[in-house]
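**Q** Contents of final08.cif (mmCIF, C-alpha atoms, pLDDT in the B column; chains and numbers go by the auth columns) are below:
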```
data_query
loop_
_atom_site.group_PDB
_atom_site.id
_atom_site.type_symbol
_atom_site.label_atom_id
_atom_site.label_comp_id
_atom_site.label_asym_id
_atom_site.label_seq_id
_atom_site.Cartn_x
_atom_site.Cartn_y
_atom_site.Cartn_z
_atom_site.B_iso_or_equiv
_atom_site.auth_seq_id
_atom_site.auth_asym_id
ATOM 1 C CA MET A 1 26.045 60.555 48.724 50.00 187 A
ATOM 2 C CA GLY A 2 27.512 60.223 45.229 48.00 188 A
ATOM 3 C CA SER A 3 29.352 57.075 46.237 49.00 189 A
ATOM 4 C CA CYS A 4 26.212 55.475 47.694 48.00 190 A
ATOM 5 C CA CYS A 5 24.211 56.331 44.596 45.00 191 A
ATOM 6 C CA SER A 6 26.893 54.732 42.416 45.00 192 A
ATOM 7 C CA CYS A 7 26.808 51.548 44.477 45.00 193 A
ATOM 8 C CA PHE A 8 23.008 51.386 44.249 43.00 194 A
ATOM 9 C CA LYS A 9 23.055 51.735 40.469 43.00 195 A
ATOM 10 C CA SER A 10 25.735 49.037 40.156 46.00 196 A
ATOM 11 C CA HIS A 11 23.673 46.619 42.273 48.00 197 A
ATOM 12 C CA SER A 12 20.523 47.267 40.210 48.00 198 A
ATOM 13 C CA SER A 13 22.448 46.727 36.990 46.00 199 A
ATOM 14 C CA GLN A 14 23.693 43.373 38.232 48.00 200 A
ATOM 15 C CA GLU A 15 20.138 42.314 39.109 47.00 201 A
ATOM 16 C CA ARG A 16 18.899 43.209 35.609 44.00 202 A
ATOM 17 C CA GLU A 17 21.741 41.243 34.003 41.00 203 A
ATOM 18 C CA THR A 18 20.912 38.225 36.180 42.00 204 A
ATOM 19 C CA GLU A 19 17.225 38.447 35.212 41.00 205 A
ATOM 20 C CA MET A 20 18.096 38.623 31.504 39.00 206 A
ATOM 21 C CA THR A 21 20.381 35.591 31.823 37.00 207 A
ATOM 22 C CA ASP A 22 17.679 33.610 33.641 42.00 208 A
ATOM 23 C CA GLN A 23 15.230 34.332 30.829 40.00 209 A
ATOM 24 C CA ASN A 24 17.449 32.423 28.394 41.00 210 A
ATOM 25 C CA LEU A 25 17.516 29.269 30.525 46.00 211 A
ATOM 26 C CA PRO A 26 14.988 26.439 30.283 48.00 212 A
ATOM 27 C CA ASN A 27 12.481 26.141 33.074 51.00 213 A
ATOM 28 C CA PRO A 28 13.983 23.468 35.376 51.00 214 A
ATOM 29 C CA SER A 29 10.482 22.268 36.292 53.00 215 A
ATOM 30 C CA PHE A 30 9.624 21.453 32.667 67.00 216 A
ATOM 31 C CA GLN A 31 9.409 17.750 31.893 80.00 217 A
ATOM 32 C CA PHE A 32 9.851 16.377 28.380 89.00 218 A
ATOM 33 C CA ILE A 33 7.220 13.817 27.435 92.00 219 A
ATOM 34 C CA ILE A 34 6.254 11.785 24.419 96.00 220 A
ATOM 35 C CA SER A 35 2.858 13.180 23.502 96.00 221 A
ATOM 36 C CA ARG A 36 -0.048 10.782 23.796 96.00 222 A
ATOM 37 C CA LYS A 37 -2.290 13.153 21.804 95.00 223 A
ATOM 38 C CA MET A 38 0.134 13.483 18.888 97.00 224 A
ATOM 39 C CA SER A 39 1.205 9.819 18.769 97.00 225 A
ATOM 40 C CA SER A 40 -0.383 6.804 17.143 97.00 226 A
ATOM 41 C CA PRO A 41 -2.929 4.873 19.259 96.00 227 A
ATOM 42 C CA SER A 42 -0.950 1.720 18.430 96.00 228 A
ATOM 43 C CA VAL A 43 2.154 2.695 20.431 97.00 229 A
ATOM 44 C CA THR A 44 2.751 2.269 24.144 97.00 230 A
ATOM 45 C CA ILE A 45 4.295 5.243 25.941 97.00 231 A
ATOM 46 C CA SER A 46 6.038 5.215 29.312 95.00 232 A
ATOM 47 C CA GLY A 47 7.831 8.422 30.236 92.00 233 A
ATOM 48 C CA LEU A 48 10.357 9.054 27.473 96.00 234 A
ATOM 49 C CA THR A 49 10.214 5.521 26.077 97.00 235 A
ATOM 50 C CA VAL A 50 7.928 4.192 23.363 98.00 236 A
ATOM 51 C CA LYS A 51 7.295 0.758 21.874 97.00 237 A
ATOM 52 C CA GLY A 52 4.754 -0.955 19.668 97.00 238 A
ATOM 53 C CA GLU A 53 4.037 -0.081 16.049 95.00 239 A
ATOM 54 C CA GLY A 54 3.592 3.446 14.747 96.00 240 A
ATOM 55 C CA LEU A 55 4.508 7.111 14.951 97.00 241 A
ATOM 56 C CA ALA A 56 5.340 8.949 18.186 98.00 242 A
ATOM 57 C CA LEU A 57 6.100 12.645 18.699 98.00 243 A
ATOM 58 C CA VAL A 58 7.839 14.434 21.559 97.00 244 A
ATOM 59 C CA ASP A 59 5.722 17.239 23.014 94.00 245 A
ATOM 60 C CA VAL A 60 8.302 19.981 22.342 93.00 246 A
ATOM 61 C CA SER A 61 8.595 21.882 19.075 93.00 247 A
ATOM 62 C CA MET A 62 11.967 22.688 17.539 91.00 248 A
ATOM 63 C CA GLU A 63 12.432 26.423 18.171 89.00 249 A
ATOM 64 C CA GLN A 64 16.236 26.745 18.224 90.00 250 A
ATOM 65 C CA ASP A 65 18.536 27.536 15.320 92.00 251 A
ATOM 66 C CA ALA A 66 20.219 24.169 15.870 94.00 252 A
ATOM 67 C CA ALA A 67 19.685 21.266 18.262 96.00 253 A
ATOM 68 C CA TYR A 68 20.747 17.662 18.808 97.00 254 A
ATOM 69 C CA TRP A 69 19.041 14.750 20.554 97.00 255 A
ATOM 70 C CA GLU A 70 19.358 10.971 20.687 98.00 256 A
ATOM 71 C CA TRP A 71 17.192 7.862 20.596 98.00 257 A
ATOM 72 C CA HIS A 72 18.553 4.885 22.529 98.00 258 A
ATOM 73 C CA VAL A 73 17.383 1.551 21.140 97.00 259 A
ATOM 74 C CA THR A 74 16.567 -1.624 23.054 96.00 260 A
ATOM 75 C CA ALA A 75 15.678 -4.752 21.080 94.00 261 A
ATOM 76 C CA GLU A 76 13.942 -7.878 22.325 87.00 262 A
ATOM 77 C CA ASP A 77 15.990 -11.099 22.131 79.00 263 A
ATOM 78 C CA GLY A 78 18.691 -9.569 19.960 71.00 264 A
ATOM 79 C CA LYS A 79 16.197 -8.547 17.285 71.00 265 A
ATOM 80 C CA ILE A 80 17.531 -6.561 14.294 75.00 266 A
ATOM 81 C CA SER A 81 15.370 -4.260 12.182 71.00 267 A
ATOM 82 C CA SER A 82 15.507 -5.585 8.636 61.00 268 A
ATOM 83 C CA GLY A 83 16.416 -3.860 5.404 53.00 269 A
ATOM 84 C CA ASP A 84 16.549 -5.008 1.808 47.00 270 A
ATOM 85 C CA ASP A 85 19.539 -4.586 -0.480 45.00 271 A
ATOM 86 C CA ASP A 86 17.776 -2.419 -3.035 46.00 272 A
ATOM 87 C CA GLU A 87 17.777 1.206 -4.138 44.00 273 A
ATOM 88 C CA ASP A 88 15.188 2.106 -1.502 50.00 274 A
ATOM 89 C CA PHE A 89 17.301 0.671 1.305 48.00 275 A
ATOM 90 C CA PHE A 90 16.882 3.561 3.727 52.00 276 A
ATOM 91 C CA ASN A 91 13.125 3.881 3.221 54.00 277 A
ATOM 92 C CA ASN A 92 12.355 0.215 3.849 61.00 278 A
ATOM 93 C CA ASP A 93 8.983 -0.142 5.588 69.00 279 A
ATOM 94 C CA SER A 94 10.368 -2.597 8.126 77.00 280 A
ATOM 95 C CA ALA A 95 13.073 -0.206 9.381 92.00 281 A
ATOM 96 C CA LEU A 96 12.707 2.078 12.383 96.00 282 A
ATOM 97 C CA LYS A 97 12.378 5.706 11.287 97.00 283 A
ATOM 98 C CA PHE A 98 13.742 8.804 12.996 98.00 284 A
ATOM 99 C CA GLY A 99 13.629 12.547 12.382 97.00 285 A
ATOM 100 C CA VAL A 100 10.985 15.223 12.851 97.00 286 A
ATOM 101 C CA ALA A 101 7.291 15.528 12.071 96.00 287 A
ATOM 102 C CA THR A 102 4.675 18.235 11.913 95.00 288 A
ATOM 103 C CA LYS A 103 1.973 18.379 14.574 95.00 289 A
ATOM 104 C CA LYS A 104 -0.429 15.443 14.576 96.00 290 A
ATOM 105 C CA ASN A 105 -3.785 14.716 16.215 95.00 291 A
ATOM 106 C CA ARG A 106 -6.364 11.926 16.552 93.00 292 A
ATOM 107 C CA GLU A 107 -8.109 12.961 13.334 94.00 293 A
ATOM 108 C CA PHE A 108 -4.869 12.401 11.413 94.00 294 A
ATOM 109 C CA TYR A 109 -4.513 8.817 12.625 94.00 295 A
ATOM 110 C CA SER A 110 -8.204 8.089 12.038 92.00 296 A
ATOM 111 C CA ALA A 111 -7.897 9.336 8.453 90.00 297 A
ATOM 112 C CA ILE A 112 -4.885 7.083 7.839 86.00 298 A
ATOM 113 C CA ALA A 113 -6.734 4.062 9.200 85.00 299 A
ATOM 114 C CA ASN A 114 -9.795 4.780 7.058 85.00 300 A
ATOM 115 C CA MET A 115 -7.792 5.239 3.860 78.00 301 A
ATOM 116 C CA SER A 116 -5.793 2.072 4.469 66.00 302 A
ATOM 117 C CA GLU A 117 -8.963 0.035 5.026 66.00 303 A
ATOM 118 C CA HIS A 118 -10.642 1.202 1.830 58.00 304 A
ATOM 119 C CA ASP A 119 -7.714 1.074 -0.579 62.00 305 A
ATOM 120 C CA ASP A 120 -4.502 -0.839 0.058 58.00 306 A
ATOM 121 C CA ASP A 121 -2.872 0.688 -3.023 49.00 307 A
ATOM 122 C CA VAL A 122 -3.446 4.337 -2.103 53.00 308 A
ATOM 123 C CA ASN A 123 -0.304 6.344 -1.288 62.00 309 A
ATOM 124 C CA VAL A 124 -1.090 7.457 2.249 66.00 310 A
ATOM 125 C CA ASP A 125 0.794 10.298 3.964 76.00 311 A
ATOM 126 C CA ASP A 126 1.810 8.514 7.161 86.00 312 A
ATOM 127 C CA GLY A 127 3.509 11.560 8.693 90.00 313 A
ATOM 128 C CA THR A 128 7.090 10.360 8.121 93.00 314 A
ATOM 129 C CA LYS A 129 8.012 12.653 5.224 93.00 315 A
ATOM 130 C CA LEU A 130 10.688 14.346 7.344 95.00 316 A
ATOM 131 C CA MET A 131 11.990 11.051 8.733 96.00 317 A
ATOM 132 C CA ARG A 132 14.351 8.379 7.440 96.00 318 A
ATOM 133 C CA GLY A 133 14.491 4.638 7.994 96.00 319 A
ATOM 134 C CA ILE A 134 17.639 3.262 9.620 95.00 320 A
ATOM 135 C CA PRO A 135 17.972 -0.416 8.605 90.00 321 A
ATOM 136 C CA ASN A 136 19.676 -3.084 10.683 91.00 322 A
ATOM 137 C CA VAL A 137 19.251 -1.223 13.962 94.00 323 A
ATOM 138 C CA GLN A 138 20.340 -3.448 16.849 94.00 324 A
ATOM 139 C CA ASP A 139 20.042 -3.576 20.604 95.00 325 A
ATOM 140 C CA GLY A 140 22.147 -0.836 22.192 96.00 326 A
ATOM 141 C CA ASP A 141 22.360 1.357 19.091 97.00 327 A
ATOM 142 C CA THR A 142 22.185 5.142 19.393 98.00 328 A
ATOM 143 C CA ILE A 143 20.484 7.216 16.720 98.00 329 A
ATOM 144 C CA GLY A 144 21.512 10.868 16.812 98.00 330 A
ATOM 145 C CA VAL A 145 19.372 13.553 15.170 98.00 331 A
ATOM 146 C CA ALA A 146 20.806 17.018 14.474 97.00 332 A
ATOM 147 C CA VAL A 147 18.433 19.701 13.188 96.00 333 A
ATOM 148 C CA GLN A 148 19.301 23.189 11.999 94.00 334 A
ATOM 149 C CA GLN A 149 16.840 25.876 10.929 89.00 335 A
ATOM 150 C CA CYS A 150 19.173 28.783 10.173 82.00 336 A
ATOM 151 C CA ASP A 151 20.743 29.220 6.731 79.00 337 A
ATOM 152 C CA LEU A 152 19.823 25.926 5.049 86.00 338 A
ATOM 153 C CA PRO A 153 17.259 23.983 7.146 90.00 339 A
ATOM 154 C CA MET A 154 18.475 20.409 7.458 94.00 340 A
ATOM 155 C CA VAL A 155 17.942 17.186 9.404 96.00 341 A
ATOM 156 C CA GLN A 156 21.066 15.058 9.846 96.00 342 A
ATOM 157 C CA PHE A 157 21.304 11.496 11.161 98.00 343 A
ATOM 158 C CA LEU A 158 24.047 9.629 12.999 97.00 344 A
ATOM 159 C CA LEU A 159 24.260 5.929 13.833 98.00 345 A
ATOM 160 C CA ASN A 160 26.441 5.344 16.899 98.00 346 A
ATOM 161 C CA GLY A 161 28.201 8.634 16.232 97.00 347 A
ATOM 162 C CA GLU A 162 28.817 7.998 12.522 97.00 348 A
ATOM 163 C CA PRO A 163 27.175 10.564 10.188 96.00 349 A
ATOM 164 C CA MET A 164 24.808 9.181 7.545 96.00 350 A
ATOM 165 C CA HIS A 165 25.160 11.944 4.969 94.00 351 A
ATOM 166 C CA GLU A 166 23.299 10.049 2.249 95.00 352 A
ATOM 167 C CA ILE A 167 19.964 10.318 4.056 96.00 353 A
ATOM 168 C CA ALA A 168 20.125 13.931 5.287 96.00 354 A
ATOM 169 C CA ILE A 169 16.954 15.959 4.715 95.00 355 A
ATOM 170 C CA SER A 170 17.146 19.563 3.508 90.00 356 A
ATOM 171 C CA ARG A 171 14.773 22.446 2.894 82.00 357 A
ATOM 172 C CA PHE A 172 11.920 21.798 5.286 85.00 358 A
ATOM 173 C CA ARG A 173 9.595 24.443 6.679 83.00 359 A
ATOM 174 C CA GLY A 174 7.129 24.872 9.507 86.00 360 A
ATOM 175 C CA MET A 175 6.899 23.823 13.127 91.00 361 A
ATOM 176 C CA VAL A 176 8.337 20.348 13.702 94.00 362 A
ATOM 177 C CA PHE A 177 8.674 17.964 16.640 96.00 363 A
ATOM 178 C CA PRO A 178 11.214 15.198 17.369 97.00 364 A
ATOM 179 C CA SER A 179 9.660 11.934 16.193 98.00 365 A
ATOM 180 C CA VAL A 180 10.194 8.206 15.833 98.00 366 A
ATOM 181 C CA CYS A 181 8.335 5.456 14.000 97.00 367 A
ATOM 182 C CA VAL A 182 8.769 2.284 16.022 96.00 368 A
ATOM 183 C CA LYS A 183 8.340 -1.362 15.082 95.00 369 A
ATOM 184 C CA GLU A 184 7.283 -4.375 17.125 94.00 370 A
ATOM 185 C CA GLY A 185 10.112 -5.855 19.155 94.00 371 A
ATOM 186 C CA PHE A 186 11.854 -2.539 19.830 96.00 372 A
ATOM 187 C CA THR A 187 11.765 0.024 22.622 97.00 373 A
ATOM 188 C CA VAL A 188 13.303 3.446 22.023 98.00 374 A
ATOM 189 C CA LYS A 189 14.054 6.167 24.550 98.00 375 A
ATOM 190 C CA PHE A 190 14.169 9.875 23.766 98.00 376 A
ATOM 191 C CA VAL A 191 17.274 11.501 25.298 97.00 377 A
ATOM 192 C CA TRP A 192 17.536 15.285 25.423 94.00 378 A
ATOM 193 C CA ASP A 193 19.902 15.770 28.383 93.00 379 A
ATOM 194 C CA GLU A 194 23.478 16.079 27.138 92.00 380 A
ATOM 195 C CA ASP A 195 24.720 14.398 30.321 94.00 381 A
ATOM 196 C CA GLU A 196 22.975 11.244 29.094 96.00 382 A
ATOM 197 C CA PHE A 197 24.210 11.440 25.495 97.00 383 A
ATOM 198 C CA LYS A 198 26.247 8.454 24.374 97.00 384 A
ATOM 199 C CA GLU A 199 27.721 10.249 21.370 96.00 385 A
ATOM 200 C CA MET A 200 28.903 13.707 20.372 94.00 386 A
ATOM 201 C CA SER A 201 26.816 16.068 18.277 94.00 387 A
ATOM 202 C CA PRO A 202 28.206 16.678 14.770 93.00 388 A
ATOM 203 C CA HIS A 203 29.158 20.280 15.601 92.00 389 A
ATOM 204 C CA VAL A 204 29.363 22.532 18.641 92.00 390 A
ATOM 205 C CA ARG A 205 26.449 24.637 17.376 92.00 391 A
ATOM 206 C CA PHE A 206 24.078 21.698 17.919 95.00 392 A
ATOM 207 C CA GLY A 207 23.189 22.125 21.570 93.00 393 A
ATOM 208 C CA PRO A 208 20.645 20.055 23.514 93.00 394 A
ATOM 209 C CA LEU A 209 16.979 20.643 22.774 91.00 395 A
ATOM 210 C CA ILE A 210 15.449 23.431 24.866 88.00 396 A
ATOM 211 C CA PRO A 211 11.667 23.393 25.433 80.00 397 A
ATOM 212 C CA GLU A 212 10.139 26.581 24.020 66.00 398 A
ATOM 213 C CA ARG A 213 7.389 26.381 26.601 49.00 399 A
ATOM 214 C CA GLY A 214 10.012 26.204 29.316 39.00 400 A
ATOM 215 C CA LEU A 215 11.428 29.606 28.476 36.00 401 A
ATOM 216 C CA ILE A 216 10.292 32.504 30.625 33.00 402 A
#
```
Step by step, read the file and then write its structure as structure tokens.

**A**
Amino acid sequence: MGSCCSCFKSHSSQERETEMTDQNLPNPSFQFIISRKMSSPSVTISGLTVKGEGLALVDVSMEQDAAYWEWHVTAEDGKISSGDDDEDFFNNDSALKFGVATKKNREFYSAIANMSEHDDDVNVDDGTKLMRGIPNVQDGDTIGVAVQQCDLPMVQFLLNGEPMHEIAISRFRGMVFPSVCVKEGFTVKFVWDEDEFKEMSPHVRFGPLIPERGLI
């Protein structure tokens, strides 16, 4: 009897451990999408790709201590995003921008449009405060984004695997979402699956993005 009881307890313990492990895994049925509701009306969304002109947000908030994802760039007819040789090189308006953004809605984009129509000189918050422009992006380029929230919150950028330390963003707060600001002539694809990564993350602690809503 004692032996049987011991076996029963061992089996139950194993089941509990399996359940706890499963709770830490993303829901396999969850599908990442680029949010139509949180993105600019001027962009065209198809699955995980976006093109057009404006801001687009992925419909998954950053909940992990550290995560890494990529944007794969396709350019029409060998187009290159421009950049000027001045002190504001990385914030050039004609460059594609990458990073994170706070939650957006239709009212946000309507407000931007209204302010721009009434005063061209007004400094409008276009939602890219936590993003950086990457000049001279070409067809086939990979933009890596590594975000950490523990210790010192930071957003790091990599171009084809090469860190761009000079444009890293530090000390941000609040709920943020992976984001891109696209320009005409470019199509970018959000890549979260590490099997599809073209480059390595800057450190082992930066794992692939896990959807918070996909956790049990």

**Q** Could you tell me which residues the PyMOL selection byres ((chain A and resi 258) around 10) grabs in this file, written as a PyMOL selection string?

**A** chain A and resi 235+256-257+259-260+325-330+346+373-377+383-384

**Q** Taking C-alpha atoms for each residue, export the selection above as a compact mmCIF listing (two decimals), in the frame of the given file.

**A**
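Result went into part.txt, see below:
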```txt
# COMPACT_ATOMS: atom_id res chain seq x y z
CA THR A 235 10.21 5.52 26.08
CA GLU A 256 19.36 10.97 20.69
CA TRP A 257 17.19 7.86 20.60
CA VAL A 259 17.38 1.55 21.14
CA THR A 260 16.57 -1.62 23.05
CA ASP A 325 20.04 -3.58 20.60
CA GLY A 326 22.15 -0.84 22.19
CA ASP A 327 22.36 1.36 19.09
CA THR A 328 22.18 5.14 19.39
CA ILE A 329 20.48 7.22 16.72
CA GLY A 330 21.51 10.87 16.81
CA ASN A 346 26.44 5.34 16.90
CA THR A 373 11.76 0.02 22.62
CA VAL A 374 13.30 3.45 22.02
CA LYS A 375 14.05 6.17 24.55
CA PHE A 376 14.17 9.88 23.77
CA VAL A 377 17.27 11.50 25.30
CA PHE A 383 24.21 11.44 25.50
CA LYS A 384 26.25 8.45 24.37
```

**Q** Check the smallest atom-to-atom distance from each of A:Met340, A:Val368, A:Met248, A:Val229 to Pro397 of chain A using only C-alpha atoms, then report the winner.

**A**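 Between A:Met340, A:Val368, A:Met248, A:Val229, the residue approaching Pro397 of chain A most closely is A:Met248.
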
**Q** With a distance cut-off of 10 Å and all atoms listed in the file, select the neighbouring residues of segment 355-357 of chain A, excluding the residue or stretch itself and same-chain residues fewer than 5 positions from it, and output the selection as a list in words.

**A**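 In the requested format, the answer is Gly285, Lys315, Leu316, Met317, Arg318, Val333, Gln334, Gln335, Asp337, Leu338, Pro339, Met340, Val341, Gln342 and Phe343 of chain A.
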
**Q** Which is closest to Lys369 of chain A among A:Glu249, A:Ser280, A:Thr230, A:Gln217, if we use all atoms listed in the file?

**A**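 Checking each of A:Glu249, A:Ser280, A:Thr230, A:Gln217 against Lys369 of chain A, counting all atoms listed in the file, the winner is A:Ser280.
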
**Q** For Tyr295 of chain A, please output as a ChimeraX atom specification all residues within 12 Å (counting all atoms listed in the file; exclusion window: fewer than 5 positions along the same chain).

**A** /A:223-229,240-242,289-290,300-302,310-313
